Amino acid sequence: MASAAAPRRIIIDTDPGIDDAMAIFFALASPELDVVALTTVFGNARTSICTDNALRLLEIAERTDIPVAEGAHGPLAMSFRGPADFVHGANGQGDAPLAPPTTSVVNDTAAELIIERAMAAPGEITLVPLGPLTNIARALQAEPRLAANLAGIVLMGGNAFCGGNASPAAEANIIGDPEAADIVFGAECPIVMAGLDVTERIVMTGAQLDLIGSVDDVRARHLRAILPYYRRFALESSGLDGIHVHDSTTISYLLAPQHFASVRYPIRVDTGDGVGRGKTWPRTRPAQHGPDLWAGRPLVTILTDADVDAVVRLELGRLGVEL
Ligand code: BDR
Ligand code: CA
């Protein structure tokens with residue numbers, strides 16, 4: 001087991017993605033965390049584009065020592081719903097002009113790398129999924145002992161007590177692969193869900209984002225190039241002068257859980273074909289009639305609120321903004 005002072009070892013499973021890029025840079029800038037690997041998945045863009053972006057982000061951050069493993073090209077039980085290019089640009093990075101990556105992925109698939117690293121270090125690895133949960137579900141299915149060997153899973157996704165953002169019912173990462181999500185929320189390890197319940201409460205304002213633009217650093221320069229696209233989407237879709245830092249919320253929680261409020265319930269995901277597909281349902285009270293479809297499911301820590309000022313300051317500080 002890692003000692004209390006040792007950095008927490010994380011594998012970030014990601015579909016970069018503008019807010020994914022922020023979260024990855026935030027994690028890399030945090031000495032409390034040891035980013036063991038990035039694994040990629042479809043979501044904000046096709047998997048191959050997300051993989052190129054993961055490689056690029058590590059090149060920009062001068063952390064090409066961190067391996068990148070490519071993951072699933074589509075969900076477990078349906079076709080890829082298509083990219084969120086209207087949020088993240090066709091290249092997933094706000095349509096900023098980017099050179100091709102100069103580094104390459106490792107031979108392992110995402111699921112293979114997750115299994116290999118977790119089984120080699122029982123109780124040490126925390127998975128941080130920031131996209132659809134396909135790779136995590138595949139790894140759990142391929143290695144039944146995986147969950148027991150993880151330190152835990154801290155994921156961005158879902159909506160327990162509020163509406164969705166990809167449909168009225170569902171959040172984007174979960175609707176991206178509801179079958180996979182239902183498998184992951186059944187895993188017997190500590191799971192923290194940073195879903196829209198909390199991420200939509202955390203706004204980094206336009207004025208605060210402008211401060212990133214004044215930081216003289218390669219990572220901040222990249223964020224300055226990609227953030228305008230994301231800001232424009234937020235303004236046009238919800239009139240927000242600023243952004244929700246969805247994916248970074250996982251990193252903030254890992255660094256400072258004291259800034260968050262939470263509740264604990266078992267979760268099932270709607271995998272039907274109706275209007276609720278992809279909705280994450282907490283069981284907040286026992287079933288009165290019929291079978292308990294949540295029976296045997298572990299309690300999930302669902303983040304419900306945050307000290308917004310503290311969380312935003314934490315992230316901005318790590319990104320080099322002097323407040
Ligand atoms: C999630 O969906 C993606 O667009 C973001 O990167 C984030 O992971 C928010 O619903
Ligand atoms: Ca994401």
# chains A, B, ... in the order shown; residues from 1 in each chain; ligands from 1

call {"tool": "residues_around", "arguments": {"residues": "segment 68-72 of chain A", "least_positions_apart": "2", "cutoff": "10 Å", "atoms": "only C-alpha atoms", "output": "PyMOL selection string"}}
result
chain A and resi 11-15+36-42+46-48+50-52+54-55+58+64-66+74-76+103-114+132-136+138

call {"tool": "write_last_selection", "arguments": {"atoms": "C-alpha atoms", "output": "CSV table (one decimal), in the first residue's frame"}}
result
chain,number,residue,atom,x,y,z
A,11,ILE,CA,-5.2,6.4,-14.5
A,12,ILE,CA,-7.2,8.9,-16.4
A,13,ASP,CA,-9.6,7.4,-18.9
A,14,THR,CA,-10.5,10.3,-21.3
A,15,ASP,CA,-12.1,11.6,-24.5
A,36,VAL,CA,0.3,6.5,-14.2
A,37,ALA,CA,-1.3,6.5,-17.7
A,38,LEU,CA,-3.9,8.0,-19.9
A,39,THR,CA,-6.4,5.7,-21.6
A,40,THR,CA,-8.6,6.9,-24.4
A,41,VAL,CA,-12.2,6.4,-25.4
A,42,PHE,CA,-14.7,7.8,-27.9
A,46,ARG,CA,-13.9,9.6,-32.4
A,47,THR,CA,-11.4,7.5,-30.4
A,48,SER,CA,-8.6,8.0,-32.9
A,50,CYS,CA,-9.2,11.5,-28.7
A,51,THR,CA,-6.0,9.4,-28.7
A,52,ASP,CA,-4.1,12.0,-30.8
A,54,ALA,CA,-4.1,12.6,-25.3
A,55,LEU,CA,-0.7,12.3,-26.9
A,58,LEU,CA,1.3,15.0,-22.8
A,64,THR,CA,5.7,11.9,-22.7
A,65,ASP,CA,7.0,9.5,-20.0
A,66,ILE,CA,3.3,8.8,-19.3
A,74,GLY,CA,-17.7,2.3,-29.7
A,75,PRO,CA,-20.1,1.4,-26.8
A,76,LEU,CA,-20.8,-2.1,-25.6
A,103,THR,CA,4.6,10.2,-29.9
A,104,SER,CA,2.6,6.9,-30.1
A,105,VAL,CA,0.4,4.7,-28.1
A,106,VAL,CA,1.6,1.6,-26.3
A,107,ASN,CA,0.6,-1.8,-27.6
A,108,ASP,CA,-1.8,-2.6,-24.8
A,109,THR,CA,-5.5,-1.6,-25.2
A,110,ALA,CA,-6.9,0.6,-22.5
A,111,ALA,CA,-8.6,-2.3,-20.7
A,112,GLU,CA,-5.4,-4.3,-20.8
A,113,LEU,CA,-3.3,-1.5,-19.4
A,114,ILE,CA,-5.9,-0.8,-16.6
A,132,PRO,CA,-18.1,7.0,-21.5
A,133,LEU,CA,-17.4,4.1,-19.3
A,134,THR,CA,-16.8,1.4,-22.0
A,135,ASN,CA,-13.1,0.8,-21.2
A,136,ILE,CA,-13.7,0.4,-17.5
A,138,ARG,CA,-14.6,-4.1,-20.4

call {"tool": "residues_near_ligand", "arguments": {"ligand": "ligand 1", "cutoff": "8 Å", "atoms": "only C-alpha atoms and all ligand atoms", "output": "ChimeraX atom specification"}}
result
/A:14-20,43-44,84,87-88,130-131,156-158,165-166,171-173,195-196,246-247

call {"tool": "write_last_selection", "arguments": {"atoms": "N, CA, C and O atoms", "output": "JSON list (two decimals), in the first residue's frame"}}
result
[["chain", "number", "residue", "atom", "x", "y", "z"],
["A", 14, "THR", "N", -10.08, 8.97, -20.80],
["A", 14, "THR", "CA", -10.50, 10.30, -21.25],
["A", 14, "THR", "C", -10.83, 10.36, -22.74],
["A", 14, "THR", "O", -10.31, 9.57, -23.54],
["A", 15, "ASP", "N", -11.68, 11.35, -23.09],
["A", 15, "ASP", "CA", -12.08, 11.60, -24.49],
["A", 15, "ASP", "C", -11.77, 13.06, -24.84],
["A", 15, "ASP", "O", -12.67, 13.83, -25.14],
["A", 16, "PRO", "N", -10.51, 13.47, -24.78],
["A", 16, "PRO", "CA", -10.22, 14.91, -24.85],
["A", 16, "PRO", "C", -10.63, 15.55, -26.18],
["A", 16, "PRO", "O", -10.13, 15.21, -27.21],
["A", 17, "GLY", "N", -11.51, 16.47, -26.06],
["A", 17, "GLY", "CA", -12.26, 17.18, -25.04],
["A", 17, "GLY", "C", -11.54, 18.34, -24.40],
["A", 17, "GLY", "O", -10.42, 18.23, -23.94],
["A", 18, "ILE", "N", -12.26, 19.52, -24.42],
["A", 18, "ILE", "CA", -11.68, 20.74, -23.86],
["A", 18, "ILE", "C", -11.60, 20.65, -22.34],
["A", 18, "ILE", "O", -10.55, 20.94, -21.75],
["A", 19, "ASP", "N", -12.68, 20.25, -21.67],
["A", 19, "ASP", "CA", -12.60, 20.17, -20.21],
["A", 19, "ASP", "C", -11.74, 18.99, -19.78],
["A", 19, "ASP", "O", -11.11, 19.02, -18.70],
["A", 20, "ASP", "N", -11.63, 17.95, -20.62],
["A", 20, "ASP", "CA", -10.68, 16.87, -20.34],
["A", 20, "ASP", "C", -9.25, 17.43, -20.31],
["A", 20, "ASP", "O", -8.44, 17.07, -19.45],
["A", 43, "GLY", "N", -16.13, 9.70, -27.56],
["A", 43, "GLY", "CA", -17.02, 10.53, -26.74],
["A", 43, "GLY", "C", -17.14, 11.89, -27.39],
["A", 43, "GLY", "O", -17.92, 12.08, -28.32],
["A", 44, "ASN", "N", -16.31, 12.81, -26.93],
["A", 44, "ASN", "CA", -16.35, 14.15, -27.51],
["A", 44, "ASN", "C", -15.95, 14.12, -28.99],
["A", 44, "ASN", "O", -16.35, 14.99, -29.76],
["A", 84, "ALA", "N", -19.34, 15.21, -30.08],
["A", 84, "ALA", "CA", -19.92, 16.45, -29.55],
["A", 84, "ALA", "C", -19.11, 17.62, -30.12],
["A", 84, "ALA", "O", -18.54, 18.43, -29.39],
["A", 87, "VAL", "N", -19.70, 21.19, -29.09],
["A", 87, "VAL", "CA", -19.20, 21.63, -27.78],
["A", 87, "VAL", "C", -17.68, 21.77, -27.81],
["A", 87, "VAL", "O", -17.12, 22.71, -27.23],
["A", 88, "HIS", "N", -17.00, 20.82, -28.48],
["A", 88, "HIS", "CA", -15.54, 20.72, -28.37],
["A", 88, "HIS", "C", -14.80, 20.94, -29.68],
["A", 88, "HIS", "O", -13.57, 20.86, -29.70],
["A", 130, "LEU", "N", -13.30, 10.08, -17.48],
["A", 130, "LEU", "CA", -13.83, 11.39, -17.86],
["A", 130, "LEU", "C", -14.67, 11.32, -19.13],
["A", 130, "LEU", "O", -14.98, 12.35, -19.72],
["A", 131, "GLY", "N", -14.97, 10.10, -19.57],
["A", 131, "GLY", "CA", -15.76, 9.92, -20.79],
["A", 131, "GLY", "C", -16.71, 8.75, -20.59],
["A", 131, "GLY", "O", -16.92, 8.28, -19.45],
["A", 156, "MET", "N", -16.35, 11.34, -13.70],
["A", 156, "MET", "CA", -17.26, 12.42, -14.09],
["A", 156, "MET", "C", -18.34, 11.80, -14.96],
["A", 156, "MET", "O", -18.06, 11.22, -16.02],
["A", 157, "GLY", "N", -19.59, 11.93, -14.50],
["A", 157, "GLY", "CA", -20.70, 11.43, -15.29],
["A", 157, "GLY", "C", -21.94, 11.31, -14.46],
["A", 157, "GLY", "O", -21.88, 11.24, -13.24],
["A", 158, "GLY", "N", -23.07, 11.32, -15.12],
["A", 158, "GLY", "CA", -24.34, 11.05, -14.47],
["A", 158, "GLY", "C", -25.03, 12.27, -13.91],
["A", 158, "GLY", "O", -24.48, 13.38, -13.87],
["A", 165, "ASN", "N", -27.77, 16.72, -19.62],
["A", 165, "ASN", "CA", -27.29, 17.74, -20.56],
["A", 165, "ASN", "C", -27.24, 17.22, -22.01],
["A", 165, "ASN", "O", -27.24, 18.01, -22.94],
["A", 166, "ALA", "N", -27.22, 15.89, -22.16],
["A", 166, "ALA", "CA", -27.22, 15.33, -23.51],
["A", 166, "ALA", "C", -28.63, 14.97, -23.95],
["A", 166, "ALA", "O", -28.91, 14.87, -25.13],
["A", 171, "GLU", "N", -26.94, 12.50, -18.79],
["A", 171, "GLU", "CA", -25.66, 13.22, -18.96],
["A", 171, "GLU", "C", -24.87, 12.58, -20.11],
["A", 171, "GLU", "O", -24.99, 11.37, -20.37],
["A", 172, "ALA", "N", -24.01, 13.36, -20.74],
["A", 172, "ALA", "CA", -23.35, 12.93, -21.99],
["A", 172, "ALA", "C", -22.50, 11.66, -21.83],
["A", 172, "ALA", "O", -22.57, 10.75, -22.66],
["A", 173, "ASN", "N", -21.68, 11.58, -20.79],
["A", 173, "ASN", "CA", -20.80, 10.41, -20.68],
["A", 173, "ASN", "C", -21.59, 9.12, -20.43],
["A", 173, "ASN", "O", -21.21, 8.05, -20.91],
["A", 195, "GLY", "N", -21.11, 14.03, -10.93],
["A", 195, "GLY", "CA", -22.03, 14.22, -12.05],
["A", 195, "GLY", "C", -22.52, 15.66, -12.10],
["A", 195, "GLY", "O", -22.01, 16.55, -11.40],
["A", 196, "LEU", "N", -23.55, 15.86, -12.92],
["A", 196, "LEU", "CA", -24.05, 17.22, -13.13],
["A", 196, "LEU", "C", -24.60, 17.83, -11.84],
["A", 196, "LEU", "O", -24.65, 19.06, -11.72],
["A", 246, "HIS", "N", -16.57, 20.50, -15.80],
["A", 246, "HIS", "CA", -17.05, 19.15, -15.49],
["A", 246, "HIS", "C", -15.92, 18.20, -15.08],
["A", 246, "HIS", "O", -15.89, 17.67, -13.97],
["A", 247, "ASP", "N", -15.01, 17.92, -16.02],
["A", 247, "ASP", "CA", -14.04, 16.84, -15.79],
["A", 247, "ASP", "C", -13.06, 17.17, -14.66],
["A", 247, "ASP", "O", -12.64, 16.28, -13.91]]

call {"tool": "atom_distance", "arguments": {"atom1": "atom CA of Arg268 of chain A", "atom2": "atom CA of Pro286 of chain A"}}
result
13.7 Å

call {"tool": "residues_around", "arguments": {"residues": "Ile202 of chain A", "least_positions_apart": "3", "cutoff": "6 Å", "atoms": "only C-alpha atoms", "output": "list in words"}}
result
Thr199, His244 and Val308 of chain A

call {"tool": "residues_around", "arguments": {"residues": "segment 252-254 of chain A", "least_positions_apart": "6", "cutoff": "8 Å", "atoms": "only C-alpha atoms", "output": "list in words"}}
result
Val154, Phe260, Val311, Leu314 and Glu315 of chain A

call {"tool": "write_last_selection", "arguments": {"atoms": "all heavy atoms", "output": "PDB file, in the first residue's frame"}}
result
ATOM      1  N   VAL A 154     -13.140   7.418  -9.337  1.00  0.00           N
ATOM      2  CA  VAL A 154     -13.707   8.764  -9.174  1.00  0.00           C
ATOM      3  C   VAL A 154     -14.045   9.238 -10.583  1.00  0.00           C
ATOM      4  O   VAL A 154     -13.140   9.548 -11.374  1.00  0.00           O
ATOM      5  CB  VAL A 154     -12.709   9.722  -8.492  1.00  0.00           C
ATOM      6  CG1 VAL A 154     -13.319  11.116  -8.356  1.00  0.00           C
ATOM      7  CG2 VAL A 154     -12.319   9.188  -7.107  1.00  0.00           C
ATOM      8  N   PHE A 260     -16.374  19.273  -0.665  1.00  0.00           N
ATOM      9  CA  PHE A 260     -17.553  18.711  -1.325  1.00  0.00           C
ATOM     10  C   PHE A 260     -18.548  18.140  -0.320  1.00  0.00           C
ATOM     11  O   PHE A 260     -18.156  17.612   0.725  1.00  0.00           O
ATOM     12  CB  PHE A 260     -17.135  17.597  -2.291  1.00  0.00           C
ATOM     13  CG  PHE A 260     -16.375  18.119  -3.488  1.00  0.00           C
ATOM     14  CD1 PHE A 260     -14.994  18.305  -3.423  1.00  0.00           C
ATOM     15  CD2 PHE A 260     -17.046  18.450  -4.659  1.00  0.00           C
ATOM     16  CE1 PHE A 260     -14.300  18.808  -4.514  1.00  0.00           C
ATOM     17  CE2 PHE A 260     -16.357  18.956  -5.750  1.00  0.00           C
ATOM     18  CZ  PHE A 260     -14.977  19.126  -5.677  1.00  0.00           C
ATOM     19  N   VAL A 311     -12.862  25.527  -4.838  1.00  0.00           N
ATOM     20  CA  VAL A 311     -12.540  24.572  -5.902  1.00  0.00           C
ATOM     21  C   VAL A 311     -11.973  25.296  -7.121  1.00  0.00           C
ATOM     22  O   VAL A 311     -10.982  24.861  -7.729  1.00  0.00           O
ATOM     23  CB  VAL A 311     -13.814  23.759  -6.254  1.00  0.00           C
ATOM     24  CG1 VAL A 311     -13.641  23.006  -7.546  1.00  0.00           C
ATOM     25  CG2 VAL A 311     -14.162  22.814  -5.121  1.00  0.00           C
ATOM     26  N   LEU A 314      -8.493  26.500  -6.373  1.00  0.00           N
ATOM     27  CA  LEU A 314      -7.547  25.379  -6.378  1.00  0.00           C
ATOM     28  C   LEU A 314      -7.098  25.082  -7.805  1.00  0.00           C
ATOM     29  O   LEU A 314      -5.896  24.992  -8.096  1.00  0.00           O
ATOM     30  CB  LEU A 314      -8.219  24.143  -5.760  1.00  0.00           C
ATOM     31  CG  LEU A 314      -7.422  22.854  -5.747  1.00  0.00           C
ATOM     32  CD1 LEU A 314      -6.164  22.990  -4.910  1.00  0.00           C
ATOM     33  CD2 LEU A 314      -8.293  21.705  -5.200  1.00  0.00           C
ATOM     34  N   GLU A 315      -8.060  24.953  -8.714  1.00  0.00           N
ATOM     35  CA  GLU A 315      -7.697  24.611 -10.094  1.00  0.00           C
ATOM     36  C   GLU A 315      -6.909  25.745 -10.744  1.00  0.00           C
ATOM     37  O   GLU A 315      -5.872  25.496 -11.377  1.00  0.00           O
ATOM     38  CB  GLU A 315      -8.946  24.283 -10.909  1.00  0.00           C
ATOM     39  CG  GLU A 315      -8.583  24.011 -12.366  1.00  0.00           C
ATOM     40  CD  GLU A 315      -9.650  23.297 -13.170  1.00  0.00           C
ATOM     41  OE1 GLU A 315     -10.764  23.121 -12.649  1.00  0.00           O
ATOM     42  OE2 GLU A 315      -9.339  22.914 -14.314  1.00  0.00           O
TER      43      GLU A 315
END

call {"tool": "closest_residue", "arguments": {"among": "A:Asp273, A:Ala261, A:Leu319, A:Ile10", "to": "Leu223 of chain A", "atoms": "only C-alpha atoms"}}
result
A:Leu319

call {"tool": "atom_distance", "arguments": {"atom1": "atom CA of Asp34 of chain A", "atom2": "atom CA of Arg63 of chain A"}}
result
11.5 Å

call {"tool": "select_by_dssp", "arguments": {"residues": "segment 167-232 of chain A", "states": "helix (DSSP H, G or I)", "output": "PyMOL selection string"}}
result
chain A and resi 172-175+178-184+196-199+206-213+218-232

call {"tool": "closest_residue", "arguments": {"among": "A:Ile174, A:Cys162, A:Ala169, A:Val275", "to": "ligand 2", "atoms": "only C-alpha atoms and all ligand atoms"}}
result
A:Ile174

call {"tool": "select_by_dssp", "arguments": {"residues": "segment 125-251 of chain A", "states": "strand (DSSP E or B)", "output": "tab-separated table (two decimals) with N, CA and C atoms, in the first residue's frame"}}
result
chain	number	residue	atom	x	y	z
A	125	ILE	N	-4.23	1.84	-7.28
A	125	ILE	CA	-4.63	2.62	-8.46
A	125	ILE	C	-6.08	3.09	-8.34
A	126	THR	N	-6.26	4.39	-8.56
A	126	THR	CA	-7.61	4.97	-8.66
A	126	THR	C	-7.88	5.28	-10.12
A	127	LEU	N	-9.01	4.80	-10.65
A	127	LEU	CA	-9.40	5.13	-12.02
A	127	LEU	C	-10.17	6.45	-12.01
A	128	VAL	N	-9.85	7.30	-12.99
A	128	VAL	CA	-10.53	8.59	-13.10
A	128	VAL	C	-11.14	8.69	-14.51
A	129	PRO	N	-12.31	8.13	-14.71
A	129	PRO	CA	-12.94	8.17	-16.03
A	129	PRO	C	-13.59	9.53	-16.29
A	152	GLY	N	-10.10	2.68	-6.01
A	152	GLY	CA	-11.43	3.21	-6.21
A	152	GLY	C	-11.59	3.79	-7.61
A	153	ILE	N	-12.77	4.35	-7.84
A	153	ILE	CA	-13.08	5.00	-9.11
A	153	ILE	C	-13.69	6.36	-8.77
A	154	VAL	N	-13.14	7.42	-9.34
A	154	VAL	CA	-13.71	8.76	-9.17
A	154	VAL	C	-14.04	9.24	-10.58
A	155	LEU	N	-15.31	9.25	-10.93
A	155	LEU	CA	-15.69	9.47	-12.32
A	155	LEU	C	-16.52	10.74	-12.50
A	156	MET	N	-16.35	11.34	-13.70
A	156	MET	CA	-17.26	12.42	-14.09
A	156	MET	C	-18.34	11.80	-14.96
A	191	ILE	N	-16.68	4.04	-5.12
A	191	ILE	CA	-16.97	4.81	-6.34
A	191	ILE	C	-17.49	6.19	-5.94
A	192	VAL	N	-16.92	7.21	-6.55
A	192	VAL	CA	-17.38	8.59	-6.36
A	192	VAL	C	-17.89	9.09	-7.70
A	193	MET	N	-19.11	9.58	-7.70
A	193	MET	CA	-19.72	10.10	-8.93
A	193	MET	C	-19.75	11.63	-8.87
A	194	ALA	N	-18.92	12.25	-9.72
A	194	ALA	CA	-18.96	13.70	-9.88
A	194	ALA	C	-19.80	13.96	-11.13
A	203	VAL	N	-18.87	26.96	-11.58
A	203	VAL	CA	-18.67	27.79	-12.77
A	203	VAL	C	-17.32	28.49	-12.65
A	204	MET	N	-16.51	28.36	-13.69
A	204	MET	CA	-15.32	29.20	-13.80
A	204	MET	C	-15.75	30.36	-14.71
A	205	THR	N	-15.72	31.56	-14.17
A	205	THR	CA	-16.30	32.69	-14.90
A	205	THR	C	-15.42	33.13	-16.06
A	242	GLY	N	-18.94	31.95	-18.87
A	242	GLY	CA	-18.03	31.09	-18.11
A	242	GLY	C	-18.30	29.66	-18.51
A	243	ILE	N	-17.68	28.72	-17.81
A	243	ILE	CA	-17.86	27.30	-18.16
A	243	ILE	C	-18.05	26.47	-16.89
A	244	HIS	N	-18.71	25.34	-17.08
A	244	HIS	CA	-18.71	24.32	-16.03
A	244	HIS	C	-17.43	23.50	-16.21

call {"tool": "closest_residue", "arguments": {"among": "A:Gly213, A:Gly290, A:Pro83, A:Gly163", "to": "ligand 2", "atoms": "only C-alpha atoms and all ligand atoms"}}
result
A:Pro83

call {"tool": "closest_residue", "arguments": {"among": "A:Ala147, A:Ala137, A:Val215, A:Ile251", "to": "Ile183 of chain A", "atoms": "only C-alpha atoms"}}
result
A:Ala137

call {"tool": "atom_distance", "arguments": {"atom1": "atom CA of Arg231 of chain A", "atom2": "atom CA of Asp95 of chain A"}}
result
13.0 Å

call {"tool": "closest_residue", "arguments": {"among": "A:Cys189, A:Leu146, A:Ala225, A:Ala21", "to": "ligand 2", "atoms": "only C-alpha atoms and all ligand atoms"}}
result
A:Ala21

call {"tool": "closest_residue", "arguments": {"among": "A:Ile49, A:Ala61, A:Ala180, A:Ala29", "to": "Met78 of chain A", "atoms": "only C-alpha atoms"}}
result
A:Ala180

call {"tool": "residues_around", "arguments": {"residues": "Ala160 of chain A", "least_positions_apart": "6", "cutoff": "10 Å", "atoms": "only C-alpha atoms", "output": "list of chain:residue names"}}
result
A:Ala169, A:Ala170, A:Glu171, A:Met193, A:Gly195, A:Leu196, A:Asp197, A:Val198, A:Tyr265, A:Ile267, A:Lys279, A:Thr280, A:Trp281, A:Pro282, A:Arg283, A:Ile302, A:Leu303, A:Thr304
